[in-house]
$ cat query06.txt   # compact mmCIF, N, CA and C atoms and all ligand atoms
# COMPACT_ATOMS: atom_id res chain seq x y z
N MET A 1 -43.55 15.09 36.97
CA MET A 1 -42.92 13.85 37.45
C MET A 1 -41.95 13.30 36.41
N SER A 2 -42.38 13.34 35.14
CA SER A 2 -41.48 12.79 34.12
C SER A 2 -40.68 13.89 33.43
N GLU A 3 -40.66 15.08 34.06
CA GLU A 3 -39.93 16.19 33.45
C GLU A 3 -38.45 15.89 33.32
N ASP A 4 -37.89 15.23 34.36
CA ASP A 4 -36.47 14.88 34.29
C ASP A 4 -36.21 13.82 33.22
N LEU A 5 -37.16 12.89 33.08
CA LEU A 5 -37.01 11.87 32.04
C LEU A 5 -37.07 12.51 30.67
N ARG A 6 -38.00 13.44 30.49
CA ARG A 6 -38.12 14.13 29.21
C ARG A 6 -36.82 14.86 28.86
N GLN A 7 -36.25 15.50 29.86
CA GLN A 7 -35.02 16.24 29.62
C GLN A 7 -33.89 15.32 29.17
N ARG A 8 -33.76 14.19 29.86
CA ARG A 8 -32.68 13.25 29.51
C ARG A 8 -32.91 12.64 28.14
N ALA A 9 -34.16 12.30 27.84
CA ALA A 9 -34.47 11.71 26.54
C ALA A 9 -34.22 12.72 25.43
N SER A 10 -34.58 13.95 25.70
CA SER A 10 -34.40 15.02 24.73
C SER A 10 -32.91 15.29 24.50
N ASP A 11 -32.14 15.31 25.58
CA ASP A 11 -30.70 15.56 25.47
C ASP A 11 -30.01 14.47 24.65
N VAL A 12 -30.35 13.22 24.94
CA VAL A 12 -29.66 12.11 24.27
C VAL A 12 -30.12 11.99 22.80
N MET A 13 -31.33 12.43 22.53
CA MET A 13 -31.83 12.40 21.15
C MET A 13 -30.89 13.19 20.22
N ALA A 14 -30.31 14.24 20.76
CA ALA A 14 -29.42 15.08 19.95
C ALA A 14 -28.21 14.30 19.46
N ASN A 15 -27.84 13.23 20.19
CA ASN A 15 -26.66 12.44 19.82
C ASN A 15 -26.99 11.25 18.92
N ALA A 16 -28.25 11.09 18.56
CA ALA A 16 -28.63 9.95 17.71
C ALA A 16 -27.78 9.94 16.43
N TYR A 17 -27.37 8.74 16.04
CA TYR A 17 -26.55 8.58 14.82
C TYR A 17 -27.47 8.04 13.73
N VAL A 18 -27.96 8.94 12.89
CA VAL A 18 -29.03 8.58 11.95
C VAL A 18 -28.76 9.04 10.52
N PRO A 19 -27.59 8.69 9.94
CA PRO A 19 -27.29 9.18 8.59
C PRO A 19 -28.21 8.58 7.53
N TYR A 20 -28.93 7.51 7.82
CA TYR A 20 -29.74 6.83 6.81
C TYR A 20 -31.21 7.23 6.87
N SER A 21 -31.76 7.31 8.08
CA SER A 21 -33.18 7.71 8.20
C SER A 21 -33.31 9.20 8.49
N ASN A 22 -32.28 9.79 9.04
CA ASN A 22 -32.36 11.18 9.50
C ASN A 22 -33.50 11.37 10.50
N PHE A 23 -33.80 10.31 11.25
CA PHE A 23 -34.91 10.33 12.20
C PHE A 23 -34.35 10.05 13.60
N LYS A 24 -34.21 11.12 14.38
CA LYS A 24 -33.59 10.98 15.70
C LYS A 24 -34.62 10.60 16.75
N VAL A 25 -34.25 9.65 17.60
CA VAL A 25 -35.10 9.20 18.70
C VAL A 25 -34.25 9.16 19.97
N GLY A 26 -34.85 9.57 21.08
CA GLY A 26 -34.19 9.47 22.38
C GLY A 26 -35.11 8.73 23.35
N ALA A 27 -34.52 7.94 24.24
CA ALA A 27 -35.32 7.21 25.23
C ALA A 27 -34.65 7.33 26.59
N ALA A 28 -35.48 7.39 27.63
CA ALA A 28 -34.96 7.43 29.00
C ALA A 28 -35.79 6.51 29.88
N LEU A 29 -35.12 5.80 30.74
CA LEU A 29 -35.78 4.87 31.67
C LEU A 29 -35.43 5.28 33.09
N ARG A 30 -36.41 5.22 33.99
CA ARG A 30 -36.11 5.44 35.40
C ARG A 30 -35.98 4.07 36.06
N GLY A 31 -34.77 3.73 36.49
CA GLY A 31 -34.57 2.46 37.18
C GLY A 31 -35.24 2.49 38.54
N VAL A 32 -35.44 1.30 39.12
CA VAL A 32 -36.06 1.20 40.44
C VAL A 32 -35.27 2.03 41.46
N SER A 33 -33.97 2.13 41.28
CA SER A 33 -33.12 2.90 42.20
C SER A 33 -33.36 4.40 42.10
N GLY A 34 -34.02 4.82 41.00
CA GLY A 34 -34.22 6.25 40.77
C GLY A 34 -33.27 6.80 39.72
N THR A 35 -32.22 6.07 39.44
CA THR A 35 -31.26 6.51 38.42
C THR A 35 -31.91 6.47 37.04
N ILE A 36 -31.58 7.47 36.23
CA ILE A 36 -32.13 7.54 34.87
C ILE A 36 -31.08 7.05 33.87
N TYR A 37 -31.53 6.23 32.93
CA TYR A 37 -30.66 5.70 31.88
C TYR A 37 -31.19 6.16 30.53
N ALA A 38 -30.28 6.59 29.65
CA ALA A 38 -30.71 7.15 28.38
C ALA A 38 -30.06 6.45 27.21
N GLY A 39 -30.75 6.47 26.08
CA GLY A 39 -30.18 5.88 24.87
C GLY A 39 -30.77 6.53 23.63
N CYS A 40 -30.01 6.48 22.55
CA CYS A 40 -30.48 7.04 21.28
C CYS A 40 -30.35 5.96 20.19
N ASN A 41 -31.01 6.18 19.06
CA ASN A 41 -30.87 5.20 17.98
C ASN A 41 -29.51 5.37 17.30
N VAL A 42 -28.94 4.23 16.93
CA VAL A 42 -27.61 4.17 16.32
C VAL A 42 -27.72 3.33 15.06
N GLU A 43 -27.68 3.97 13.91
CA GLU A 43 -27.88 3.25 12.65
C GLU A 43 -26.56 2.71 12.08
N ASN A 44 -26.71 1.89 11.04
CA ASN A 44 -25.54 1.26 10.42
C ASN A 44 -25.79 1.16 8.92
N VAL A 45 -24.71 1.23 8.15
CA VAL A 45 -24.85 1.13 6.69
C VAL A 45 -25.49 -0.21 6.30
N ALA A 46 -25.28 -1.24 7.10
CA ALA A 46 -26.04 -2.49 6.94
C ALA A 46 -27.32 -2.27 7.76
N TYR A 47 -28.34 -1.76 7.11
CA TYR A 47 -29.51 -1.19 7.80
C TYR A 47 -30.08 -2.01 8.97
N PRO A 48 -30.24 -3.33 8.81
CA PRO A 48 -30.87 -4.08 9.94
C PRO A 48 -30.01 -4.10 11.20
N GLU A 49 -28.77 -3.71 11.08
CA GLU A 49 -27.89 -3.73 12.26
C GLU A 49 -28.05 -2.51 13.15
N GLY A 50 -28.86 -1.57 12.74
CA GLY A 50 -29.10 -0.40 13.57
C GLY A 50 -29.85 -0.77 14.84
N THR A 51 -29.70 0.06 15.86
CA THR A 51 -30.40 -0.21 17.12
C THR A 51 -31.28 0.97 17.50
N CYS A 52 -32.40 0.67 18.13
CA CYS A 52 -33.36 1.69 18.53
C CYS A 52 -32.92 2.38 19.82
N ALA A 53 -33.47 3.55 20.05
CA ALA A 53 -33.17 4.32 21.25
C ALA A 53 -33.53 3.54 22.52
N GLU A 54 -34.65 2.84 22.47
CA GLU A 54 -35.10 2.08 23.65
C GLU A 54 -34.08 0.99 24.00
N ALA A 55 -33.56 0.34 22.96
CA ALA A 55 -32.58 -0.73 23.19
C ALA A 55 -31.32 -0.15 23.82
N GLY A 56 -30.94 1.05 23.38
CA GLY A 56 -29.75 1.70 23.95
C GLY A 56 -29.95 2.03 25.42
N ALA A 57 -31.12 2.50 25.76
CA ALA A 57 -31.40 2.85 27.17
C ALA A 57 -31.43 1.60 28.03
N ILE A 58 -32.01 0.54 27.50
CA ILE A 58 -32.04 -0.73 28.24
C ILE A 58 -30.62 -1.24 28.46
N ALA A 59 -29.80 -1.17 27.42
CA ALA A 59 -28.41 -1.63 27.55
C ALA A 59 -27.66 -0.82 28.61
N ALA A 60 -27.90 0.48 28.65
CA ALA A 60 -27.22 1.33 29.64
C ALA A 60 -27.66 0.94 31.05
N MET A 61 -28.95 0.65 31.21
CA MET A 61 -29.47 0.27 32.53
C MET A 61 -28.86 -1.05 32.99
N VAL A 62 -28.86 -2.02 32.11
CA VAL A 62 -28.34 -3.34 32.50
C VAL A 62 -26.84 -3.27 32.75
N ALA A 63 -26.15 -2.50 31.92
CA ALA A 63 -24.70 -2.37 32.10
C ALA A 63 -24.37 -1.72 33.45
N ALA A 64 -25.28 -0.90 33.95
CA ALA A 64 -25.07 -0.23 35.24
C ALA A 64 -25.49 -1.11 36.41
N GLY A 65 -26.04 -2.28 36.11
CA GLY A 65 -26.39 -3.21 37.18
C GLY A 65 -27.84 -3.23 37.59
N GLU A 66 -28.71 -2.55 36.81
CA GLU A 66 -30.14 -2.55 37.14
C GLU A 66 -30.91 -3.36 36.11
N THR A 67 -31.97 -4.02 36.56
CA THR A 67 -32.75 -4.83 35.63
C THR A 67 -34.25 -4.55 35.71
N GLU A 68 -34.62 -3.42 36.31
CA GLU A 68 -36.04 -3.07 36.33
C GLU A 68 -36.21 -1.56 36.27
N PHE A 69 -37.18 -1.12 35.45
CA PHE A 69 -37.49 0.30 35.39
C PHE A 69 -38.95 0.52 35.74
N THR A 70 -39.27 1.74 36.18
CA THR A 70 -40.62 2.05 36.64
C THR A 70 -41.32 3.06 35.73
N GLU A 71 -40.59 3.62 34.78
CA GLU A 71 -41.17 4.64 33.91
C GLU A 71 -40.25 4.78 32.69
N ALA A 72 -40.87 5.03 31.54
CA ALA A 72 -40.07 5.21 30.32
C ALA A 72 -40.58 6.43 29.56
N TYR A 73 -39.68 7.04 28.82
CA TYR A 73 -40.03 8.23 28.03
C TYR A 73 -39.31 8.11 26.69
N VAL A 74 -40.07 8.26 25.61
CA VAL A 74 -39.51 8.17 24.25
C VAL A 74 -39.86 9.45 23.50
N ILE A 75 -38.87 10.06 22.89
CA ILE A 75 -39.13 11.32 22.19
C ILE A 75 -38.49 11.31 20.81
N ALA A 76 -39.18 11.94 19.87
CA ALA A 76 -38.66 12.03 18.50
C ALA A 76 -39.09 13.36 17.90
N GLY A 77 -38.38 13.76 16.89
CA GLY A 77 -38.71 15.03 16.25
C GLY A 77 -39.77 14.86 15.18
N SER A 78 -40.81 14.13 15.51
CA SER A 78 -41.87 13.80 14.56
C SER A 78 -43.13 14.60 14.86
N PRO A 79 -44.05 14.70 13.91
CA PRO A 79 -45.28 15.46 14.15
C PRO A 79 -46.22 14.78 15.14
N MET A 80 -46.11 13.47 15.28
CA MET A 80 -46.93 12.77 16.27
C MET A 80 -46.02 11.88 17.12
N PRO A 81 -46.43 11.57 18.35
CA PRO A 81 -45.59 10.75 19.21
C PRO A 81 -45.26 9.41 18.56
N VAL A 82 -44.00 9.00 18.69
CA VAL A 82 -43.54 7.75 18.10
C VAL A 82 -43.69 6.62 19.11
N THR A 83 -44.35 5.56 18.69
CA THR A 83 -44.51 4.41 19.58
C THR A 83 -43.36 3.43 19.35
N PRO A 84 -42.92 2.74 20.39
CA PRO A 84 -41.82 1.78 20.24
C PRO A 84 -42.17 0.71 19.20
N CYS A 85 -41.17 0.26 18.46
CA CYS A 85 -41.39 -0.79 17.46
C CYS A 85 -41.71 -2.10 18.18
N GLY A 86 -42.15 -3.08 17.42
CA GLY A 86 -42.55 -4.36 18.02
C GLY A 86 -41.44 -5.00 18.84
N GLY A 87 -40.23 -5.01 18.28
CA GLY A 87 -39.11 -5.63 18.99
C GLY A 87 -38.82 -4.92 20.30
N CYS A 88 -38.91 -3.60 20.29
CA CYS A 88 -38.63 -2.84 21.51
C CYS A 88 -39.73 -3.04 22.55
N ARG A 89 -40.95 -3.29 22.10
CA ARG A 89 -42.02 -3.56 23.07
C ARG A 89 -41.68 -4.83 23.87
N GLN A 90 -41.18 -5.83 23.16
CA GLN A 90 -40.78 -7.06 23.86
C GLN A 90 -39.58 -6.80 24.77
N LYS A 91 -38.64 -6.01 24.29
CA LYS A 91 -37.45 -5.69 25.11
C LYS A 91 -37.85 -4.94 26.36
N LEU A 92 -38.76 -3.97 26.22
CA LEU A 92 -39.22 -3.20 27.38
C LEU A 92 -39.96 -4.10 28.37
N ALA A 93 -40.79 -5.01 27.83
CA ALA A 93 -41.58 -5.90 28.69
C ALA A 93 -40.69 -6.81 29.54
N GLU A 94 -39.48 -7.05 29.08
CA GLU A 94 -38.55 -7.90 29.84
C GLU A 94 -38.15 -7.25 31.17
N PHE A 95 -38.12 -5.92 31.17
CA PHE A 95 -37.56 -5.20 32.33
C PHE A 95 -38.54 -4.28 33.05
N GLY A 96 -39.81 -4.32 32.65
CA GLY A 96 -40.80 -3.48 33.30
C GLY A 96 -42.09 -4.25 33.57
N LYS A 97 -42.77 -3.92 34.65
CA LYS A 97 -44.03 -4.58 34.96
C LYS A 97 -45.13 -4.08 34.01
N ALA A 98 -46.23 -4.82 33.96
CA ALA A 98 -47.32 -4.55 33.02
C ALA A 98 -47.89 -3.14 33.15
N ASP A 99 -47.87 -2.59 34.38
CA ASP A 99 -48.50 -1.27 34.59
C ASP A 99 -47.51 -0.10 34.48
N VAL A 100 -46.32 -0.37 33.99
CA VAL A 100 -45.32 0.70 33.86
C VAL A 100 -45.70 1.65 32.72
N PRO A 101 -45.75 2.96 33.00
CA PRO A 101 -46.13 3.91 31.95
C PRO A 101 -44.98 4.23 30.99
N VAL A 102 -45.34 4.29 29.73
CA VAL A 102 -44.38 4.70 28.69
C VAL A 102 -44.95 5.97 28.07
N THR A 103 -44.25 7.07 28.24
CA THR A 103 -44.70 8.33 27.63
C THR A 103 -44.01 8.49 26.29
N MET A 104 -44.84 8.69 25.27
CA MET A 104 -44.33 8.91 23.91
C MET A 104 -44.57 10.38 23.58
N ALA A 105 -43.53 11.04 23.09
CA ALA A 105 -43.63 12.49 22.96
C ALA A 105 -43.01 13.03 21.69
N THR A 106 -43.48 14.20 21.32
CA THR A 106 -42.85 14.94 20.23
C THR A 106 -41.99 16.04 20.84
N ALA A 107 -41.06 16.52 20.06
CA ALA A 107 -40.20 17.60 20.54
C ALA A 107 -41.04 18.84 20.85
N SER A 108 -42.19 18.97 20.17
CA SER A 108 -43.03 20.15 20.37
C SER A 108 -43.89 20.05 21.63
N GLY A 109 -43.89 18.88 22.29
CA GLY A 109 -44.59 18.79 23.57
C GLY A 109 -45.85 17.95 23.59
N VAL A 110 -46.23 17.36 22.45
CA VAL A 110 -47.38 16.45 22.45
C VAL A 110 -46.97 15.17 23.17
N GLU A 111 -47.81 14.68 24.09
CA GLU A 111 -47.48 13.46 24.82
C GLU A 111 -48.63 12.48 24.80
N GLN A 112 -48.28 11.21 24.72
CA GLN A 112 -49.27 10.13 24.80
C GLN A 112 -48.70 9.09 25.75
N VAL A 113 -49.52 8.63 26.70
CA VAL A 113 -49.03 7.66 27.68
C VAL A 113 -49.77 6.34 27.53
N MET A 114 -49.02 5.26 27.47
CA MET A 114 -49.60 3.92 27.47
C MET A 114 -48.78 3.06 28.43
N VAL A 115 -49.43 2.10 29.09
CA VAL A 115 -48.66 1.19 29.95
C VAL A 115 -48.17 0.02 29.10
N LEU A 116 -47.18 -0.69 29.64
CA LEU A 116 -46.55 -1.76 28.86
C LEU A 116 -47.54 -2.80 28.38
N SER A 117 -48.54 -3.13 29.21
CA SER A 117 -49.49 -4.18 28.80
C SER A 117 -50.39 -3.70 27.66
N GLU A 118 -50.52 -2.40 27.50
CA GLU A 118 -51.28 -1.88 26.35
C GLU A 118 -50.40 -1.91 25.10
N LEU A 119 -49.13 -1.66 25.27
CA LEU A 119 -48.22 -1.66 24.13
C LEU A 119 -47.99 -3.07 23.60
N LEU A 120 -48.03 -4.05 24.51
CA LEU A 120 -47.78 -5.43 24.09
C LEU A 120 -48.78 -6.37 24.77
N PRO A 121 -50.04 -6.30 24.34
CA PRO A 121 -51.05 -7.19 24.95
C PRO A 121 -50.72 -8.65 24.64
N GLY A 122 -50.96 -9.50 25.61
CA GLY A 122 -50.71 -10.93 25.40
C GLY A 122 -49.24 -11.24 25.27
N ALA A 123 -48.40 -10.42 25.90
CA ALA A 123 -46.95 -10.58 25.76
C ALA A 123 -46.48 -11.99 26.10
N PHE A 124 -45.56 -12.48 25.31
CA PHE A 124 -44.87 -13.72 25.64
C PHE A 124 -44.00 -13.45 26.87
N GLY A 125 -44.16 -14.27 27.88
CA GLY A 125 -43.40 -14.04 29.11
C GLY A 125 -42.88 -15.33 29.70
N ARG A 126 -42.23 -15.19 30.83
CA ARG A 126 -41.62 -16.36 31.47
C ARG A 126 -42.64 -17.45 31.79
N ALA A 127 -43.87 -17.01 32.14
CA ALA A 127 -44.89 -17.99 32.55
C ALA A 127 -45.16 -18.98 31.42
N HIS A 128 -44.99 -18.53 30.18
CA HIS A 128 -45.26 -19.43 29.05
C HIS A 128 -44.24 -20.57 28.97
N MET A 129 -43.11 -20.38 29.62
CA MET A 129 -42.04 -21.39 29.53
C MET A 129 -42.04 -22.33 30.72
N GLU A 130 -42.91 -22.03 31.70
CA GLU A 130 -42.94 -22.90 32.88
C GLU A 130 -43.89 -24.06 32.63
N GLY A 131 -43.46 -25.26 32.92
CA GLY A 131 -44.29 -26.40 32.58
C GLY A 131 -44.87 -27.14 33.75
N1 LIG B 1 -36.59 4.10 16.10
C1 LIG B 1 -36.27 4.13 17.44
O1 LIG B 1 -35.11 4.32 17.82
N2 LIG B 1 -37.27 3.94 18.33
C2 LIG B 1 -38.60 3.84 18.02
O2 LIG B 1 -39.42 3.74 18.91
C3 LIG B 1 -39.01 3.85 16.61
C4 LIG B 1 -37.91 3.84 15.60
C5 LIG B 1 -35.51 4.36 15.15
C6 LIG B 1 -34.99 3.20 14.36
C7 LIG B 1 -34.39 3.90 13.16
O3 LIG B 1 -33.07 4.34 13.48
C8 LIG B 1 -35.26 5.13 12.96
O4 LIG B 1 -35.95 5.32 14.19
C9 LIG B 1 -36.25 5.00 11.83
O5 LIG B 1 -37.00 3.84 11.94
$ encode --input "query06.txt" --output "structure tokens"
Amino acid sequence: MSEDLRQRASDVMANAYVPYSNFKVGAALRGVSGTIYAGCNVENVAYPEGTCAEAGAIAAMVAAGETEFTEAYVIAGSPMPVTPCGGCRQKLAEFGKADVPVTMATASGVEQVMVLSELLPGAFGRAHMEG
């Protein structure tokens, strides 16, 4: 089911711009429409200005006019699956429901699946702002 997502995430990972960490990451999101959006990490000599692969995929989805995804896939050339950073967990939670699966994978094929509510338990959400 996520084979197409894995392929897109893997393909885009190759384009990651990582001269500082040398750590390539690729991410793919399946929008509600079925369209897949991909992104890679893009680093900067001013290190904090770099962006994660997940943020790139989210930006591609929103730029294309979609604001919800039903499945995510993150891949890196690491020995163990890479989990999204804290900031990306919040970014993903903005556009996916609590039960949306996020597959974290290595290039060698190890996979770990967690849903968004497991990645960001007690997430700050819109309900907290309603009075
Ligand atoms: N990185 C991602 O793109 N996604 C993750 O889920 C974890 C970390 C990037 C940020 C930085 O370019 C490099 O990996 C090392 O932290």
$ select_by_dssp --input "query06.txt" --residues "segment 29-128 of chain A" --states "alpha helix (DSSP H)" --output "list in words"
Ala53, Glu54, Ala55, Gly56, Ala57, Ile58, Ala59, Ala60, Met61, Val62, Ala63, Gly86, Gly87, Cys88, Arg89, Gln90, Lys91, Leu92, Ala93, Glu94, Phe95, Leu116, Ser117, Glu118 and Leu119 of chain A
$ residues_around --input "query06.txt" --residues "Ala27 of chain A" --least-positions-apart "6" --cutoff "6 Å" --atoms "only C-alpha atoms" --output "list in words"
Ala9, Ala38, Gly39, Ala53, Glu54, Tyr73 and Val74 of chain A
$ write_last_selection --input "query06.txt" --atoms "N, CA and C atoms" --output "short mmCIF file (atom, residue, chain, number, x, y, z; two decimals), in the frame of the given file"
data_model
loop_
_atom_site.label_atom_id
_atom_site.label_comp_id
_atom_site.auth_asym_id
_atom_site.auth_seq_id
_atom_site.Cartn_x
_atom_site.Cartn_y
_atom_site.Cartn_z
N ALA A 9 -34.16 12.30 27.84
CA ALA A 9 -34.47 11.71 26.54
C ALA A 9 -34.22 12.72 25.43
N ALA A 38 -30.28 6.59 29.65
CA ALA A 38 -30.71 7.15 28.38
C ALA A 38 -30.06 6.45 27.21
N GLY A 39 -30.75 6.47 26.08
CA GLY A 39 -30.18 5.88 24.87
C GLY A 39 -30.77 6.53 23.63
N ALA A 53 -33.47 3.55 20.05
CA ALA A 53 -33.17 4.32 21.25
C ALA A 53 -33.53 3.54 22.52
N GLU A 54 -34.65 2.84 22.47
CA GLU A 54 -35.10 2.08 23.65
C GLU A 54 -34.08 0.99 24.00
N TYR A 73 -39.68 7.04 28.82
CA TYR A 73 -40.03 8.23 28.03
C TYR A 73 -39.31 8.11 26.69
N VAL A 74 -40.07 8.26 25.61
CA VAL A 74 -39.51 8.17 24.25
C VAL A 74 -39.86 9.45 23.50
#
$ closest_residue --input "query06.txt" --among "A:Gly125, A:Gly56, A:Pro81, A:Gly34" --to "Thr103 of chain A" --atoms "all atoms listed in the file"
A:Pro81
$ residues_near_point --input "query06.txt" --point "(-34.6, 10.6, 8.6)" --cutoff "12 Å" --atoms "only C-alpha atoms" --output "ChimeraX atom specification"
/A:16-25,41,43,76-78
$ axis_aligned_box --input "query06.txt" --around "segment 81-97 of chain A" --padding-each-side "3 Å" --output "AutoDock Vina command-line options"
--center_x -41.9 --center_y 1.8 --center_z 26.2 --size_x 15.0 --size_y 25.5 --size_z 23.5
$ residues_around --input "query06.txt" --residues "Glu71 of chain A" --least-positions-apart "3" --cutoff "9 Å" --atoms "only C-alpha atoms" --output "ChimeraX atom specification"
/A:2,5,28-32,96,100-103
$ closest_residue --input "query06.txt" --among "A:Tyr37, A:Gly50, A:Val113, A:Thr83" --to "Val62 of chain A" --atoms "only N, CA and C atoms"
A:Tyr37
$ closest_residue --input "query06.txt" --among "A:Ile58, A:Thr35, A:Cys85, A:Asn44" --to "ligand LIG 1 (chain B)" --atoms "only C-alpha atoms and all ligand atoms"
A:Cys85
$ closest_residue --input "query06.txt" --among "A:Asp99, A:Leu116, A:Ala105, A:Val110" --to "Gly86 of chain A" --atoms "only C-alpha atoms"
A:Leu116
$ select_by_dssp --input "query06.txt" --residues "segment 40-106 of chain A" --states "strand (DSSP E or B)" --output "list in words"
Cys40, Val42, Thr51, Phe69, Thr70, Glu71, Ala72, Tyr73, Val74, Ile75, Ala76, Pro101, Val102, Thr103, Met104, Ala105 and Thr106 of chain A
$ atom_distance --input "query06.txt" --atom1 "atom N of Glu3 of chain A" --atom2 "atom N of Ala72 of chain A"
10.4 Å
$ atom_distance --input "query06.txt" --atom1 "atom CA of Ala127 of chain A" --atom2 "atom CA of Met61 of chain A"
23.9 Å
$ atom_distance --input "query06.txt" --atom1 "atom CA of Ser33 of chain A" --atom2 "atom C of Gly87 of chain A"
23.9 Å
$ closest_residue --input "query06.txt" --among "A:Arg6, A:Arg126, A:Lys97, A:Arg89" --to "ligand LIG 1 (chain B)" --atoms "all atoms listed in the file"
A:Arg89
$ closest_residue --input "query06.txt" --among "A:Ala93, A:Ala46, A:Ala55, A:Ala14" --to "ligand LIG 1 (chain B)" --atoms "all atoms listed in the file"
A:Ala55
